[in-house]
Amino acid sequence: MGKVSKFGKIFTIVFNIVFIALIIYVSFLSLKFIFWSFLSIFSFSSSDSFASMNRLINNILMMFIVTMVLLIVLSYAFSAVCLWGIFKKTGTKCSNALIPIYNNFCLIKDIMGSGWYFILSIIPFVNTIFSLFLFYKLGKCFGKTTTYCVLMMFFPTIVMPLLAYDDSEYEAYFAKKKSEKNENID
């Protein structure tokens with residue numbers, strides 16, 4: 001097992017704290033808007049109750065949209081930083097981590113050995129199973145234990161930055177399997 005760099009540890013801890021704090025903050029903010037919008041229904045006469053209910057629904061939808069956008073931007077930034085570290089180890093151009101769909105293609109190509117496996121990542125329901133398999137193989141490509149790989153499958157937000165910024169080295173898993181087959185033939 002590789003030793004985790006100081007940056008990797010700090011990044012993982014800070015990101016998880018910020019992510020949890022953001023979720024709590026947005027949840028309380030949403031509850032506040034819902035509460036005040038709900039109270040505004042009773043502050044108007046009965047003729048304005050339809051308009052008040054409409055405002056309540058609009059506020060709830062707006063908070064939902066704002067929450068989703070914040071979570072999407074935060075998770076994209078997190079994955080870009082993690083993939084940057086992984087691409088640095090695999091020898092792939094690091095700036096590919098910033099391109100949304102192409103970064104997954106590059107990761108799949110590095111881990112699986114062929115870009116054609118990317119098709120599995122866009123098929124509904126199959127992509128869930130494939131992503132679990134991909135995370136497992138990602139850990140194996142860096143020489144990690146089976147326990148580490150299983151943790152990576154189910155807790156990628158904790159384990160992926162540790163993998164990206166520790167001092168483990170990339171071993172092309174698919175190339176290793178091909179060389180083992182060639183050795184068995186000889």
# chains A, B, ... in the order shown; residues from 1 in each chain; ligands from 1

$ residues_around --residues "stretch 97-101 of chain A" --least-positions-apart "2" --cutoff "7 Å" --atoms "only C-alpha atoms" --output "list in words"
Ala80, Leu83, Trp84, Cys94, Ser95, Asn103, Asn104 and Phe105 of chain A

$ closest_residue --among "A:Ile129, A:Ile108, A:Ile158, A:Leu71" --to "A:Ile23" --atoms "only C-alpha atoms"
A:Leu71

$ residues_around --residues "stretch 132-144 of chain A" --least-positions-apart "5" --cutoff "12 Å" --atoms "only C-alpha atoms" --output "number ranges by chain"
A: 1-3, 83, 86-87, 89-90, 104-105, 107-113, 117-118, 120-121, 125-127, 149-157, 159-177

$ closest_residue --among "A:Ile13, A:Asn59, A:Cys106, A:Ile72" --to "A:Gly91" --atoms "only C-alpha atoms"
A:Cys106

$ residues_around --residues "A:Met68" --least-positions-apart "5" --cutoff "12 Å" --atoms "only C-alpha atoms" --output "ChimeraX atom specification"
/A:22-23,26-27,30,61-63,73-75

$ atom_distance --atom1 "atom CA of A:Lys88" --atom2 "atom CA of A:Lys6"
16.9 Å

$ closest_residue --among "A:Ile57, A:Tyr148, A:Phe35, A:Phe78" --to "A:Val14" --atoms "only C-alpha atoms"
A:Phe78

$ closest_residue --among "A:Ser114, A:Ser79, A:Ser131, A:Thr146" --to "A:Asn96" --atoms "only C-alpha atoms"
A:Ser79

$ atom_distance --atom1 "atom CA of A:Tyr76" --atom2 "atom CA of A:Ile10"
18.7 Å

$ atom_distance --atom1 "atom CA of A:Ile122" --atom2 "atom CA of A:Ala77"
20.9 Å

$ select_by_dssp --residues "stretch 17-177 of chain A" --states "helix (DSSP H, G or I)" --output "number ranges by chain"
A: 17-42, 46-90, 94-98, 100-112, 115-122, 126-141, 146-154, 156-164, 173-177

$ write_last_selection --atoms "C-alpha atoms" --output "compact mmCIF listing (two decimals), in the first residue's frame"
# COMPACT_ATOMS: atom_id res chain seq x y z
CA ILE A 17 -16.33 18.42 5.80
CA VAL A 18 -17.25 21.09 3.23
CA PHE A 19 -19.60 18.70 1.43
CA ILE A 20 -21.44 17.76 4.62
CA ALA A 21 -21.57 21.40 5.76
CA LEU A 22 -22.98 22.45 2.38
CA ILE A 23 -25.68 19.79 2.53
CA ILE A 24 -26.66 20.85 6.06
CA TYR A 25 -26.62 24.54 5.10
CA VAL A 26 -28.74 24.04 2.00
CA SER A 27 -31.15 21.81 3.95
CA PHE A 28 -31.66 24.48 6.63
CA LEU A 29 -31.96 27.17 3.96
CA SER A 30 -34.59 25.12 2.17
CA LEU A 31 -36.52 24.57 5.38
CA LYS A 32 -36.35 28.29 6.13
CA PHE A 33 -37.77 29.20 2.72
CA ILE A 34 -40.48 26.58 2.98
CA PHE A 35 -41.41 27.74 6.50
CA TRP A 36 -41.61 31.44 5.58
CA SER A 37 -43.44 30.68 2.35
CA PHE A 38 -45.91 28.53 4.24
CA LEU A 39 -46.49 31.33 6.77
CA SER A 40 -47.11 33.79 3.94
CA ILE A 41 -50.16 31.74 2.92
CA PHE A 42 -51.91 32.66 6.15
CA SER A 46 -58.58 34.09 1.27
CA SER A 47 -58.63 35.69 -2.19
CA ASP A 48 -54.84 35.77 -2.19
CA SER A 49 -54.42 32.18 -0.98
CA PHE A 50 -53.96 30.87 -4.54
CA ALA A 51 -51.17 33.39 -5.17
CA SER A 52 -49.59 32.52 -1.82
CA MET A 53 -49.69 28.81 -2.57
CA ASN A 54 -48.18 29.52 -5.97
CA ARG A 55 -45.32 31.44 -4.28
CA LEU A 56 -44.76 28.54 -1.89
CA ILE A 57 -44.47 26.06 -4.75
CA ASN A 58 -42.17 28.40 -6.66
CA ASN A 59 -39.92 28.83 -3.62
CA ILE A 60 -39.71 25.08 -3.04
CA LEU A 61 -38.87 24.44 -6.69
CA MET A 62 -36.28 27.20 -6.73
CA MET A 63 -34.53 25.85 -3.63
CA PHE A 64 -34.55 22.38 -5.16
CA ILE A 65 -32.95 23.70 -8.35
CA VAL A 66 -30.35 25.73 -6.45
CA THR A 67 -29.52 22.72 -4.28
CA MET A 68 -29.12 20.44 -7.28
CA VAL A 69 -26.91 22.92 -9.15
CA LEU A 70 -24.66 23.37 -6.10
CA LEU A 71 -24.32 19.63 -5.60
CA ILE A 72 -23.59 19.03 -9.29
CA VAL A 73 -20.92 21.75 -9.40
CA LEU A 74 -19.34 20.51 -6.18
CA SER A 75 -19.28 16.87 -7.28
CA TYR A 76 -17.85 17.86 -10.69
CA ALA A 77 -15.06 19.85 -9.05
CA PHE A 78 -14.34 16.95 -6.70
CA SER A 79 -14.15 14.40 -9.50
CA ALA A 80 -11.99 16.71 -11.63
CA VAL A 81 -9.45 17.10 -8.81
CA CYS A 82 -9.40 13.34 -8.15
CA LEU A 83 -9.11 12.46 -11.83
CA TRP A 84 -6.33 15.01 -12.24
CA GLY A 85 -4.23 13.07 -9.71
CA ILE A 86 -5.11 9.72 -11.27
CA PHE A 87 -4.34 10.94 -14.79
CA LYS A 88 -1.00 12.28 -13.57
CA LYS A 89 -0.11 8.77 -12.39
CA THR A 90 -1.37 7.00 -15.52
CA CYS A 94 -4.09 15.91 -16.84
CA SER A 95 -6.25 18.60 -18.44
CA ASN A 96 -8.52 15.81 -19.75
CA ALA A 97 -9.89 15.62 -16.19
CA LEU A 98 -11.68 18.94 -16.78
CA PRO A 100 -16.94 16.28 -18.53
CA ILE A 101 -17.62 13.19 -20.67
CA TYR A 102 -14.17 12.75 -22.16
CA ASN A 103 -12.64 12.35 -18.68
CA ASN A 104 -14.72 9.20 -18.13
CA PHE A 105 -13.69 7.90 -21.55
CA CYS A 106 -10.00 8.45 -20.71
CA LEU A 107 -10.37 6.78 -17.31
CA ILE A 108 -12.11 3.76 -18.84
CA LYS A 109 -9.49 3.55 -21.58
CA ASP A 110 -6.66 3.62 -19.00
CA ILE A 111 -8.27 1.08 -16.68
CA MET A 112 -9.94 -1.34 -19.08
CA GLY A 115 -12.29 2.86 -25.04
CA TRP A 116 -15.11 0.64 -26.30
CA TYR A 117 -16.07 -0.13 -22.70
CA PHE A 118 -17.29 3.46 -22.50
CA ILE A 119 -20.51 2.29 -24.18
CA LEU A 120 -21.30 0.31 -21.02
CA SER A 121 -21.14 3.49 -18.97
CA ILE A 122 -23.98 5.13 -20.91
CA VAL A 126 -25.72 -1.49 -16.80
CA ASN A 127 -23.73 1.66 -15.96
CA THR A 128 -24.28 1.12 -12.22
CA ILE A 129 -22.80 -2.36 -12.27
CA PHE A 130 -20.07 -1.25 -14.65
CA SER A 131 -19.06 1.66 -12.41
CA LEU A 132 -18.69 -0.70 -9.44
CA PHE A 133 -16.52 -2.97 -11.58
CA LEU A 134 -14.53 0.01 -12.86
CA PHE A 135 -13.79 1.28 -9.34
CA TYR A 136 -12.66 -2.21 -8.36
CA LYS A 137 -10.30 -2.44 -11.34
CA LEU A 138 -9.08 1.11 -10.69
CA GLY A 139 -7.85 0.05 -7.27
CA LYS A 140 -6.25 -3.10 -8.69
CA CYS A 141 -4.41 -1.03 -11.34
CA THR A 146 -9.24 -6.31 -2.39
CA THR A 147 -10.57 -4.64 0.77
CA TYR A 148 -9.38 -1.26 -0.47
CA CYS A 149 -11.04 -1.90 -3.85
CA VAL A 150 -14.36 -2.87 -2.25
CA LEU A 151 -14.23 0.28 -0.10
CA MET A 152 -13.57 2.26 -3.27
CA MET A 153 -16.64 0.73 -4.90
CA PHE A 154 -18.98 1.84 -2.13
CA PRO A 156 -15.57 6.63 -3.70
CA THR A 157 -15.73 10.14 -2.20
CA ILE A 158 -13.48 9.02 0.64
CA VAL A 159 -11.17 6.56 -1.09
CA MET A 160 -10.69 8.11 -4.54
CA PRO A 161 -8.73 11.20 -3.41
CA LEU A 162 -6.57 8.98 -1.24
CA LEU A 163 -5.79 6.86 -4.29
CA ALA A 164 -5.17 9.90 -6.47
CA TYR A 173 -4.03 -4.18 -15.15
CA PHE A 174 -5.05 -5.29 -18.62
CA ALA A 175 -1.39 -5.43 -19.74
CA LYS A 176 -0.49 -7.47 -16.64
CA LYS A 177 -3.21 -10.01 -17.47
